[in-house]
file protein-v6.cif (mmCIF, N, CA and C atoms)
data_my_file
loop_
_atom_site.label_atom_id
_atom_site.label_comp_id
_atom_site.auth_asym_id
_atom_site.auth_seq_id
_atom_site.Cartn_x
_atom_site.Cartn_y
_atom_site.Cartn_z
N MET A 1 106.00 169.46 128.48
CA MET A 1 107.12 168.58 128.22
C MET A 1 108.42 169.33 128.50
N CYS A 2 109.31 168.70 129.20
CA CYS A 2 110.58 169.30 129.59
C CYS A 2 111.67 168.85 128.62
N THR A 3 112.41 169.80 128.11
CA THR A 3 113.53 169.43 127.25
C THR A 3 114.83 169.82 127.94
N SER A 4 115.84 169.00 127.75
CA SER A 4 117.13 169.24 128.37
C SER A 4 118.18 169.44 127.30
N THR A 5 119.13 170.29 127.61
CA THR A 5 120.25 170.51 126.73
C THR A 5 121.46 169.83 127.35
N ILE A 6 122.14 169.04 126.57
CA ILE A 6 123.34 168.35 127.04
C ILE A 6 124.55 169.02 126.41
N GLU A 7 125.46 169.44 127.26
CA GLU A 7 126.68 170.07 126.79
C GLU A 7 127.83 169.11 126.93
N LYS A 8 128.72 169.10 125.95
CA LYS A 8 129.91 168.26 126.02
C LYS A 8 130.88 168.88 127.02
N SER A 9 131.46 168.03 127.87
CA SER A 9 132.41 168.49 128.88
C SER A 9 133.74 168.88 128.24
N SER A 10 134.40 169.82 128.86
CA SER A 10 135.74 170.20 128.42
C SER A 10 136.77 169.21 128.93
N GLY A 11 136.35 168.30 129.82
CA GLY A 11 137.27 167.39 130.47
C GLY A 11 137.65 167.87 131.86
N ASN A 12 137.22 169.07 132.20
CA ASN A 12 137.48 169.62 133.53
C ASN A 12 136.16 170.12 134.09
N VAL A 13 135.59 169.33 134.99
CA VAL A 13 134.28 169.68 135.55
C VAL A 13 134.33 171.03 136.27
N TYR A 14 135.46 171.36 136.87
CA TYR A 14 135.58 172.63 137.58
C TYR A 14 135.50 173.80 136.59
N ALA A 15 136.13 173.65 135.44
CA ALA A 15 136.04 174.69 134.40
C ALA A 15 134.62 174.77 133.84
N ASP A 16 134.01 173.60 133.63
CA ASP A 16 132.65 173.56 133.12
C ASP A 16 131.67 174.28 134.04
N LEU A 17 131.96 174.23 135.35
CA LEU A 17 131.10 174.90 136.32
C LEU A 17 131.50 176.36 136.54
N GLY A 18 132.54 176.82 135.85
CA GLY A 18 132.98 178.21 135.94
C GLY A 18 133.70 178.54 137.23
N MET A 19 134.30 177.54 137.86
CA MET A 19 134.99 177.77 139.13
C MET A 19 136.36 178.41 138.91
N ALA A 20 136.73 179.27 139.85
CA ALA A 20 138.06 179.87 139.82
C ALA A 20 139.10 178.77 140.07
N HIS A 21 140.25 178.92 139.48
CA HIS A 21 141.37 177.98 139.67
C HIS A 21 140.99 176.56 139.26
N ALA A 22 140.24 176.43 138.18
CA ALA A 22 139.72 175.13 137.75
C ALA A 22 140.84 174.14 137.44
N GLN A 23 141.90 174.58 136.81
CA GLN A 23 143.00 173.67 136.47
C GLN A 23 143.65 173.12 137.73
N GLU A 24 143.90 173.98 138.70
CA GLU A 24 144.50 173.55 139.96
C GLU A 24 143.57 172.58 140.70
N MET A 25 142.29 172.86 140.69
CA MET A 25 141.32 171.99 141.36
C MET A 25 141.31 170.60 140.72
N LEU A 26 141.41 170.55 139.40
CA LEU A 26 141.43 169.26 138.70
C LEU A 26 142.69 168.48 139.07
N VAL A 27 143.82 169.15 139.11
CA VAL A 27 145.07 168.49 139.49
C VAL A 27 144.96 167.94 140.91
N LYS A 28 144.42 168.74 141.82
CA LYS A 28 144.26 168.30 143.21
C LYS A 28 143.31 167.10 143.29
N ALA A 29 142.25 167.12 142.52
CA ALA A 29 141.30 166.00 142.52
C ALA A 29 141.99 164.72 142.04
N LYS A 30 142.79 164.83 141.01
CA LYS A 30 143.48 163.66 140.48
C LYS A 30 144.53 163.15 141.47
N LEU A 31 145.26 164.05 142.10
CA LEU A 31 146.25 163.65 143.09
C LEU A 31 145.56 163.00 144.30
N THR A 32 144.46 163.58 144.73
CA THR A 32 143.71 163.03 145.85
C THR A 32 143.23 161.62 145.53
N SER A 33 142.79 161.41 144.32
CA SER A 33 142.34 160.08 143.91
C SER A 33 143.47 159.06 144.01
N LYS A 34 144.66 159.44 143.58
CA LYS A 34 145.82 158.53 143.67
C LYS A 34 146.18 158.26 145.12
N ILE A 35 146.20 159.30 145.94
CA ILE A 35 146.52 159.15 147.36
C ILE A 35 145.50 158.20 148.01
N SER A 36 144.24 158.40 147.74
CA SER A 36 143.19 157.57 148.29
C SER A 36 143.34 156.11 147.86
N ASP A 37 143.62 155.89 146.58
CA ASP A 37 143.81 154.53 146.07
C ASP A 37 144.94 153.82 146.81
N ILE A 38 146.04 154.53 147.04
CA ILE A 38 147.19 153.93 147.71
C ILE A 38 146.86 153.62 149.16
N ILE A 39 146.21 154.55 149.85
CA ILE A 39 145.83 154.34 151.26
C ILE A 39 144.92 153.11 151.37
N LYS A 40 143.93 153.04 150.48
CA LYS A 40 143.03 151.88 150.49
C LYS A 40 143.78 150.60 150.15
N GLY A 41 144.68 150.67 149.16
CA GLY A 41 145.45 149.50 148.75
C GLY A 41 146.36 148.97 149.84
N GLN A 42 146.80 149.86 150.72
CA GLN A 42 147.66 149.46 151.82
C GLN A 42 146.86 149.18 153.10
N ASN A 43 145.54 149.24 152.99
CA ASN A 43 144.63 148.98 154.11
C ASN A 43 144.97 149.82 155.34
N LEU A 44 145.27 151.09 155.11
CA LEU A 44 145.59 152.00 156.21
C LEU A 44 144.32 152.66 156.73
N THR A 45 144.26 152.85 158.03
CA THR A 45 143.20 153.68 158.60
C THR A 45 143.57 155.13 158.33
N GLN A 46 142.62 156.04 158.52
CA GLN A 46 142.94 157.46 158.35
C GLN A 46 143.99 157.90 159.35
N GLN A 47 143.94 157.38 160.55
CA GLN A 47 144.94 157.74 161.56
C GLN A 47 146.33 157.26 161.15
N GLN A 48 146.42 156.02 160.68
CA GLN A 48 147.70 155.49 160.22
C GLN A 48 148.22 156.31 159.03
N ALA A 49 147.31 156.65 158.11
CA ALA A 49 147.70 157.46 156.96
C ALA A 49 148.18 158.83 157.41
N ALA A 50 147.48 159.42 158.36
CA ALA A 50 147.85 160.75 158.86
C ALA A 50 149.26 160.73 159.45
N GLU A 51 149.56 159.70 160.21
CA GLU A 51 150.90 159.58 160.81
C GLU A 51 151.95 159.43 159.72
N LEU A 52 151.68 158.59 158.74
CA LEU A 52 152.61 158.37 157.64
C LEU A 52 152.81 159.64 156.80
N LEU A 53 151.73 160.38 156.60
CA LEU A 53 151.78 161.58 155.77
C LEU A 53 152.22 162.82 156.54
N ALA A 54 152.36 162.70 157.86
CA ALA A 54 152.73 163.82 158.73
C ALA A 54 151.71 164.95 158.62
N LEU A 55 150.43 164.57 158.60
CA LEU A 55 149.32 165.52 158.54
C LEU A 55 148.37 165.20 159.68
N PRO A 56 147.64 166.20 160.15
CA PRO A 56 146.61 165.92 161.15
C PRO A 56 145.51 165.04 160.52
N GLN A 57 144.97 164.13 161.29
CA GLN A 57 143.95 163.22 160.77
C GLN A 57 142.75 163.96 160.18
N PRO A 58 142.26 165.04 160.81
CA PRO A 58 141.13 165.75 160.19
C PRO A 58 141.46 166.30 158.79
N LYS A 59 142.71 166.71 158.58
CA LYS A 59 143.10 167.22 157.26
C LYS A 59 143.11 166.08 156.23
N VAL A 60 143.58 164.90 156.64
CA VAL A 60 143.56 163.73 155.75
C VAL A 60 142.11 163.39 155.41
N SER A 61 141.24 163.39 156.42
CA SER A 61 139.83 163.09 156.22
C SER A 61 139.20 164.04 155.20
N LYS A 62 139.44 165.34 155.38
CA LYS A 62 138.88 166.33 154.45
C LYS A 62 139.41 166.11 153.04
N MET A 63 140.73 165.87 152.92
CA MET A 63 141.32 165.66 151.60
C MET A 63 140.68 164.46 150.91
N LEU A 64 140.53 163.36 151.63
CA LEU A 64 139.97 162.14 151.04
C LEU A 64 138.49 162.29 150.68
N ARG A 65 137.83 163.28 151.26
CA ARG A 65 136.43 163.57 150.92
C ARG A 65 136.32 164.63 149.84
N GLY A 66 137.46 165.04 149.28
CA GLY A 66 137.42 166.02 148.19
C GLY A 66 137.44 167.46 148.64
N GLN A 67 137.66 167.70 149.91
CA GLN A 67 137.74 169.07 150.43
C GLN A 67 139.22 169.44 150.55
N PHE A 68 139.82 169.76 149.42
CA PHE A 68 141.27 169.96 149.38
C PHE A 68 141.69 171.40 149.13
N ARG A 69 140.81 172.35 149.36
CA ARG A 69 141.15 173.76 149.10
C ARG A 69 142.29 174.27 149.96
N GLY A 70 142.48 173.78 151.16
CA GLY A 70 143.56 174.26 152.02
C GLY A 70 144.85 173.46 151.89
N ILE A 71 144.92 172.59 150.89
CA ILE A 71 146.09 171.73 150.71
C ILE A 71 146.73 172.09 149.37
N ALA A 72 148.01 172.42 149.40
CA ALA A 72 148.72 172.81 148.19
C ALA A 72 149.16 171.57 147.39
N VAL A 73 149.31 171.73 146.09
CA VAL A 73 149.77 170.65 145.22
C VAL A 73 151.10 170.08 145.71
N PRO A 74 152.09 170.91 146.07
CA PRO A 74 153.34 170.32 146.57
C PRO A 74 153.14 169.45 147.82
N GLU A 75 152.19 169.82 148.66
CA GLU A 75 151.89 169.02 149.85
C GLU A 75 151.33 167.65 149.44
N MET A 76 150.51 167.64 148.41
CA MET A 76 149.95 166.38 147.91
C MET A 76 151.04 165.52 147.28
N LEU A 77 151.96 166.15 146.57
CA LEU A 77 153.08 165.40 146.00
C LEU A 77 153.93 164.80 147.11
N ASP A 78 154.10 165.54 148.20
CA ASP A 78 154.83 165.01 149.35
C ASP A 78 154.09 163.80 149.94
N CYS A 79 152.78 163.85 149.96
CA CYS A 79 152.00 162.70 150.45
C CYS A 79 152.29 161.47 149.60
N LEU A 80 152.31 161.63 148.30
CA LEU A 80 152.61 160.50 147.42
C LEU A 80 154.01 159.95 147.68
N SER A 81 154.94 160.84 147.89
CA SER A 81 156.31 160.43 148.19
C SER A 81 156.36 159.65 149.50
N ARG A 82 155.66 160.14 150.51
CA ARG A 82 155.63 159.47 151.81
C ARG A 82 154.93 158.12 151.73
N LEU A 83 154.08 157.95 150.72
CA LEU A 83 153.41 156.67 150.50
C LEU A 83 154.25 155.74 149.62
N GLY A 84 155.50 156.13 149.40
CA GLY A 84 156.43 155.26 148.68
C GLY A 84 156.40 155.40 147.18
N ARG A 85 155.95 156.54 146.69
CA ARG A 85 155.90 156.74 145.24
C ARG A 85 156.97 157.72 144.82
N ASP A 86 157.60 157.45 143.68
CA ASP A 86 158.49 158.40 143.05
C ASP A 86 157.63 159.37 142.26
N ILE A 87 158.03 160.63 142.22
CA ILE A 87 157.28 161.66 141.50
C ILE A 87 158.13 162.14 140.34
N ASP A 88 157.60 162.07 139.14
CA ASP A 88 158.26 162.59 137.95
C ASP A 88 157.36 163.66 137.35
N ALA A 89 157.93 164.80 137.04
CA ALA A 89 157.17 165.86 136.37
C ALA A 89 157.77 166.03 134.98
N VAL A 90 156.92 166.02 133.98
CA VAL A 90 157.36 166.15 132.60
C VAL A 90 156.62 167.32 131.97
N ALA A 91 157.37 168.27 131.46
CA ALA A 91 156.76 169.40 130.75
C ALA A 91 157.10 169.24 129.27
N LYS A 92 156.08 169.25 128.45
CA LYS A 92 156.29 169.09 127.01
C LYS A 92 155.27 169.95 126.27
N PRO A 93 155.55 170.26 125.02
CA PRO A 93 154.58 171.05 124.26
C PRO A 93 153.26 170.29 124.14
N ALA A 94 152.17 171.04 124.21
CA ALA A 94 150.85 170.43 124.04
C ALA A 94 150.77 169.82 122.65
N HIS A 95 150.26 168.62 122.55
CA HIS A 95 150.19 167.96 121.25
C HIS A 95 148.89 168.23 120.51
N ARG A 96 147.97 168.90 121.15
CA ARG A 96 146.73 169.26 120.47
C ARG A 96 146.94 170.57 119.72
N THR A 97 146.30 170.70 118.60
CA THR A 97 146.52 171.89 117.77
C THR A 97 145.25 172.72 117.61
N THR A 98 144.43 172.77 118.63
CA THR A 98 143.24 173.60 118.56
C THR A 98 143.66 175.07 118.57
N LYS A 99 142.78 175.93 118.14
CA LYS A 99 143.09 177.36 118.13
C LYS A 99 143.49 177.84 119.51
N ALA A 100 142.78 177.39 120.55
CA ALA A 100 143.08 177.84 121.91
C ALA A 100 144.51 177.49 122.29
N HIS A 101 144.95 176.30 121.95
CA HIS A 101 146.30 175.90 122.32
C HIS A 101 147.33 176.57 121.41
N ALA A 102 146.99 176.77 120.17
CA ALA A 102 147.91 177.43 119.25
C ALA A 102 148.16 178.88 119.67
N ASN A 103 147.19 179.47 120.35
CA ASN A 103 147.34 180.85 120.80
C ASN A 103 148.02 180.95 122.16
N GLY A 104 148.55 179.85 122.67
CA GLY A 104 149.32 179.89 123.92
C GLY A 104 148.51 179.73 125.18
N SER A 105 147.29 179.23 125.10
CA SER A 105 146.54 179.03 126.34
C SER A 105 147.04 177.77 127.05
N ILE A 106 146.37 177.42 128.09
CA ILE A 106 146.81 176.36 128.99
C ILE A 106 146.78 174.99 128.32
N GLY A 107 147.86 174.22 128.53
CA GLY A 107 147.91 172.83 128.11
C GLY A 107 147.18 171.98 129.13
N ARG A 108 147.20 170.69 128.96
CA ARG A 108 146.49 169.82 129.90
C ARG A 108 147.47 169.21 130.90
N VAL A 109 146.94 168.80 132.03
CA VAL A 109 147.72 168.14 133.07
C VAL A 109 147.19 166.72 133.19
N ASN A 110 148.09 165.75 133.18
CA ASN A 110 147.71 164.35 133.28
C ASN A 110 148.45 163.74 134.46
N ILE A 111 147.75 163.05 135.31
CA ILE A 111 148.33 162.37 136.46
C ILE A 111 148.25 160.87 136.17
N VAL A 112 149.40 160.19 136.17
CA VAL A 112 149.46 158.77 135.84
C VAL A 112 150.24 158.04 136.91
N SER A 113 149.73 156.90 137.34
CA SER A 113 150.47 156.03 138.26
C SER A 113 151.06 154.89 137.45
N ALA A 114 152.32 154.64 137.67
CA ALA A 114 152.97 153.50 137.04
C ALA A 114 153.09 152.40 138.07
N GLN A 115 152.95 151.18 137.63
CA GLN A 115 153.03 150.05 138.54
C GLN A 115 154.13 149.12 138.08
N ARG A 116 155.00 148.75 139.01
CA ARG A 116 156.04 147.78 138.70
C ARG A 116 155.44 146.40 138.63
N ALA A 117 156.07 145.53 137.86
CA ALA A 117 155.64 144.14 137.81
C ALA A 117 155.76 143.55 139.20
N GLY A 118 154.73 142.82 139.64
CA GLY A 118 154.77 142.19 140.94
C GLY A 118 154.27 143.09 142.07
N ASN A 119 153.93 144.35 141.77
CA ASN A 119 153.42 145.25 142.80
C ASN A 119 151.95 144.92 143.02
N ASP A 120 151.62 144.44 144.19
CA ASP A 120 150.24 144.03 144.46
C ASP A 120 149.60 144.90 145.55
N GLN A 121 150.00 146.15 145.61
CA GLN A 121 149.47 147.01 146.67
C GLN A 121 148.11 147.61 146.31
N GLY A 122 147.62 147.30 145.13
CA GLY A 122 146.29 147.75 144.77
C GLY A 122 146.12 149.25 144.80
N ASP A 123 147.03 149.97 144.14
CA ASP A 123 146.98 151.43 144.22
C ASP A 123 146.17 152.05 143.09
N GLY A 124 145.40 151.25 142.38
CA GLY A 124 144.54 151.82 141.36
C GLY A 124 145.32 152.42 140.22
N SER A 125 146.41 151.78 139.83
CA SER A 125 147.26 152.32 138.78
C SER A 125 146.48 152.53 137.50
N GLY A 126 146.93 153.51 136.78
CA GLY A 126 146.32 153.82 135.50
C GLY A 126 146.23 155.31 135.32
N GLY A 127 146.08 155.74 134.09
CA GLY A 127 146.03 157.17 133.80
C GLY A 127 144.69 157.76 134.13
N MET A 128 144.68 159.06 134.25
CA MET A 128 143.42 159.79 134.45
C MET A 128 143.28 160.76 133.34
#

call {"tool": "encode", "arguments": {"input": "protein-v6.cif", "output": "structure tokens"}}
result
Amino acid sequence: MCTSTIEKSSGNVYADLGMAHAQEMLVKAKLTSKISDIIKGQNLTQQQAAELLALPQPKVSKMLRGQFRGIAVPEMLDCLSRLGRDIDAVAKPAHRTTKAHANGSIGRVNIVSAQRAGNDQGDGSGGM
């Protein structure tokens, strides 16, 4: 008989897998998800998206497939801007009071899309 152990996720699959730069990878994954939602919502082909984003089409293809190691976070933020999104960055004290956070470790990063009333571009708005 096979028994399995189930571990509760930390909320960051990259950290759970012990990957280097796990926080950055999670941010990139969330940004990529938003970029993909907007591209799909605007019914753009990868070539059209590449032209709009000022990126080579193969780079857009890799990013949309989750291969974003060669793409910096600021480049992804620029993609969102080129897709007609305003970017707001808010830094605030972590509201969780676990020992790890009380000792000054890393806070969490949340990527949220806001949608104006009447916006029907289908960009998959909502928090992650």

call {"tool": "closest_residue", "arguments": {"input": "protein-v6.cif", "among": "A:Val109, A:Leu53, A:Val60, A:Ala114", "to": "Gln23 (chain A)", "atoms": "only N, CA and C atoms"}}
result
A:Val109

call {"tool": "resolve_selection", "arguments": {"input": "protein-v6.cif", "expression": "the PyMOL selection byres ((chain A and resi 46) around 8)", "output": "compact mmCIF listing (two decimals) with N, CA and C atoms, in the coordinates of the input"}}
result
# COMPACT_ATOMS: atom_id res chain seq x y z
N ASN A 43 145.54 149.24 152.99
CA ASN A 43 144.63 148.98 154.11
C ASN A 43 144.97 149.82 155.34
N LEU A 44 145.27 151.09 155.11
CA LEU A 44 145.59 152.00 156.21
C LEU A 44 144.32 152.66 156.73
N THR A 45 144.26 152.85 158.03
CA THR A 45 143.20 153.68 158.60
C THR A 45 143.57 155.13 158.33
N GLN A 47 143.94 157.38 160.55
CA GLN A 47 144.94 157.74 161.56
C GLN A 47 146.33 157.26 161.15
N GLN A 48 146.42 156.02 160.68
CA GLN A 48 147.70 155.49 160.22
C GLN A 48 148.22 156.31 159.03
N ALA A 49 147.31 156.65 158.11
CA ALA A 49 147.70 157.46 156.96
C ALA A 49 148.18 158.83 157.41
N ALA A 50 147.48 159.42 158.36
CA ALA A 50 147.85 160.75 158.86
C ALA A 50 149.26 160.73 159.45
N GLU A 51 149.56 159.70 160.21
CA GLU A 51 150.90 159.58 160.81
C GLU A 51 151.95 159.43 159.72
N LEU A 52 151.68 158.59 158.74
CA LEU A 52 152.61 158.37 157.64
C LEU A 52 152.81 159.64 156.80
N PRO A 56 147.64 166.20 160.15
CA PRO A 56 146.61 165.92 161.15
C PRO A 56 145.51 165.04 160.52
N GLN A 57 144.97 164.13 161.29
CA GLN A 57 143.95 163.22 160.77
C GLN A 57 142.75 163.96 160.18
N PRO A 58 142.26 165.04 160.81
CA PRO A 58 141.13 165.75 160.19
C PRO A 58 141.46 166.30 158.79
N VAL A 60 143.58 164.90 156.64
CA VAL A 60 143.56 163.73 155.75
C VAL A 60 142.11 163.39 155.41
N SER A 61 141.24 163.39 156.42
CA SER A 61 139.83 163.09 156.22
C SER A 61 139.20 164.04 155.20

call {"tool": "atom_distance", "arguments": {"input": "protein-v6.cif", "atom1": "atom N of Ile35 (chain A)", "atom2": "CA of Leu80 (chain A)"}}
result
6.7 Å

call {"tool": "atom_distance", "arguments": {"input": "protein-v6.cif", "atom1": "CA of Val73 (chain A)", "atom2": "CA of Ser9 (chain A)"}}
result
23.9 Å

call {"tool": "closest_residue", "arguments": {"input": "protein-v6.cif", "among": "A:Ser81, A:Lys8, A:Ala20, A:Met25", "to": "Phe68 (chain A)", "atoms": "all atoms listed in the file"}}
result
A:Met25

call {"tool": "closest_residue", "arguments": {"input": "protein-v6.cif", "among": "A:Gly11, A:Thr32, A:Gln42, A:Leu17", "to": "Met76 (chain A)", "atoms": "only N, CA and C atoms"}}
result
A:Thr32

call {"tool": "atom_distance", "arguments": {"input": "protein-v6.cif", "atom1": "atom C of Ala15 (chain A)", "atom2": "atom N of Arg65 (chain A)"}}
result
21.1 Å

call {"tool": "closest_residue", "arguments": {"input": "protein-v6.cif", "among": "A:Ala91, A:Val13, A:Leu64, A:Leu55", "to": "Ser33 (chain A)", "atoms": "only N, CA and C atoms"}}
result
A:Leu64

call {"tool": "residues_near_point", "arguments": {"input": "protein-v6.cif", "point": "(158.2, 165.2, 143.9)", "cutoff": "8 Å", "atoms": "only N, CA and C atoms", "output": "ChimeraX atom specification"}}
result
/A:74,76-78,80-81,85-89

call {"tool": "axis_aligned_box", "arguments": {"input": "protein-v6.cif", "around": "region 70-74 of chain A", "padding_each_side": "4 Å", "output": "JSON"}}
result
{"center_x": 147.9, "center_y": 171.9, "center_z": 148.6, "size_x": 18.9, "size_y": 12.8, "size_z": 14.8}

call {"tool": "decode", "arguments": {"input": "protein-v6.cif", "residues": "region 1-56 of chain A", "atoms": "C-alpha atoms", "output": "PDB file, in the first residue's frame"}}
result
ATOM      1  CA  MET A   1       0.000   0.000   0.000  1.00  0.00           C
ATOM      2  CA  CYS A   2       1.329   3.406  -0.985  1.00  0.00           C
ATOM      3  CA  THR A   3       0.919   6.335   1.355  1.00  0.00           C
ATOM      4  CA  SER A   4       1.311   9.942   0.323  1.00  0.00           C
ATOM      5  CA  THR A   5       2.203  12.961   2.350  1.00  0.00           C
ATOM      6  CA  ILE A   6       0.453  16.193   1.470  1.00  0.00           C
ATOM      7  CA  GLU A   7       2.217  19.405   2.331  1.00  0.00           C
ATOM      8  CA  LYS A   8       0.468  22.742   2.587  1.00  0.00           C
ATOM      9  CA  SER A   9       1.732  25.243   0.000  1.00  0.00           C
ATOM     10  CA  SER A  10       3.421  28.441   1.050  1.00  0.00           C
ATOM     11  CA  GLY A  11       1.482  30.175  -1.725  1.00  0.00           C
ATOM     12  CA  ASN A  12       4.564  30.245  -3.939  1.00  0.00           C
ATOM     13  CA  VAL A  13       5.043  27.058  -5.930  1.00  0.00           C
ATOM     14  CA  TYR A  14       8.547  28.158  -6.912  1.00  0.00           C
ATOM     15  CA  ALA A  15       9.555  28.465  -3.245  1.00  0.00           C
ATOM     16  CA  ASP A  16       7.866  25.149  -2.458  1.00  0.00           C
ATOM     17  CA  LEU A  17      10.033  23.532  -5.130  1.00  0.00           C
ATOM     18  CA  GLY A  18      13.170  25.171  -3.704  1.00  0.00           C
ATOM     19  CA  MET A  19      13.873  27.222  -6.818  1.00  0.00           C
ATOM     20  CA  ALA A  20      16.267  30.154  -6.742  1.00  0.00           C
ATOM     21  CA  HIS A  21      14.647  33.577  -7.104  1.00  0.00           C
ATOM     22  CA  ALA A  22      11.238  32.120  -6.193  1.00  0.00           C
ATOM     23  CA  GLN A  23       9.662  35.482  -5.344  1.00  0.00           C
ATOM     24  CA  GLU A  24      10.724  37.011  -8.665  1.00  0.00           C
ATOM     25  CA  MET A  25       9.476  33.950 -10.561  1.00  0.00           C
ATOM     26  CA  LEU A  26       6.072  34.234  -8.874  1.00  0.00           C
ATOM     27  CA  VAL A  27       5.818  37.920  -9.768  1.00  0.00           C
ATOM     28  CA  LYS A  28       6.734  37.138 -13.379  1.00  0.00           C
ATOM     29  CA  ALA A  29       4.153  34.348 -13.515  1.00  0.00           C
ATOM     30  CA  LYS A  30       1.438  36.674 -12.241  1.00  0.00           C
ATOM     31  CA  LEU A  31       2.412  39.443 -14.654  1.00  0.00           C
ATOM     32  CA  THR A  32       2.518  36.970 -17.536  1.00  0.00           C
ATOM     33  CA  SER A  33      -0.970  35.791 -16.629  1.00  0.00           C
ATOM     34  CA  LYS A  34      -2.285  39.365 -16.794  1.00  0.00           C
ATOM     35  CA  ILE A  35      -0.518  40.041 -20.096  1.00  0.00           C
ATOM     36  CA  SER A  36      -1.939  36.831 -21.554  1.00  0.00           C
ATOM     37  CA  ASP A  37      -5.470  37.647 -20.361  1.00  0.00           C
ATOM     38  CA  ILE A  38      -5.316  41.073 -22.021  1.00  0.00           C
ATOM     39  CA  ILE A  39      -3.913  39.702 -25.298  1.00  0.00           C
ATOM     40  CA  LYS A  40      -6.664  37.073 -25.402  1.00  0.00           C
ATOM     41  CA  GLY A  41      -9.304  39.637 -24.418  1.00  0.00           C
ATOM     42  CA  GLN A  42      -8.256  41.866 -27.298  1.00  0.00           C
ATOM     43  CA  ASN A  43      -8.195  38.889 -29.702  1.00  0.00           C
ATOM     44  CA  LEU A  44      -4.611  39.648 -30.740  1.00  0.00           C
ATOM     45  CA  THR A  45      -2.438  37.155 -32.553  1.00  0.00           C
ATOM     46  CA  GLN A  46       1.054  36.637 -31.154  1.00  0.00           C
ATOM     47  CA  GLN A  47       2.447  38.628 -34.069  1.00  0.00           C
ATOM     48  CA  GLN A  48       0.071  41.537 -33.415  1.00  0.00           C
ATOM     49  CA  ALA A  49       0.927  41.382 -29.711  1.00  0.00           C
ATOM     50  CA  ALA A  50       4.647  41.319 -30.499  1.00  0.00           C
ATOM     51  CA  GLU A  51       4.340  44.444 -32.635  1.00  0.00           C
ATOM     52  CA  LEU A  52       2.318  46.225 -29.949  1.00  0.00           C
ATOM     53  CA  LEU A  53       4.732  45.169 -27.203  1.00  0.00           C
ATOM     54  CA  ALA A  54       7.830  45.976 -29.299  1.00  0.00           C
ATOM     55  CA  LEU A  55       9.168  42.457 -28.689  1.00  0.00           C
ATOM     56  CA  PRO A  56      10.189  39.736 -31.111  1.00  0.00           C
TER      57      PRO A  56
END
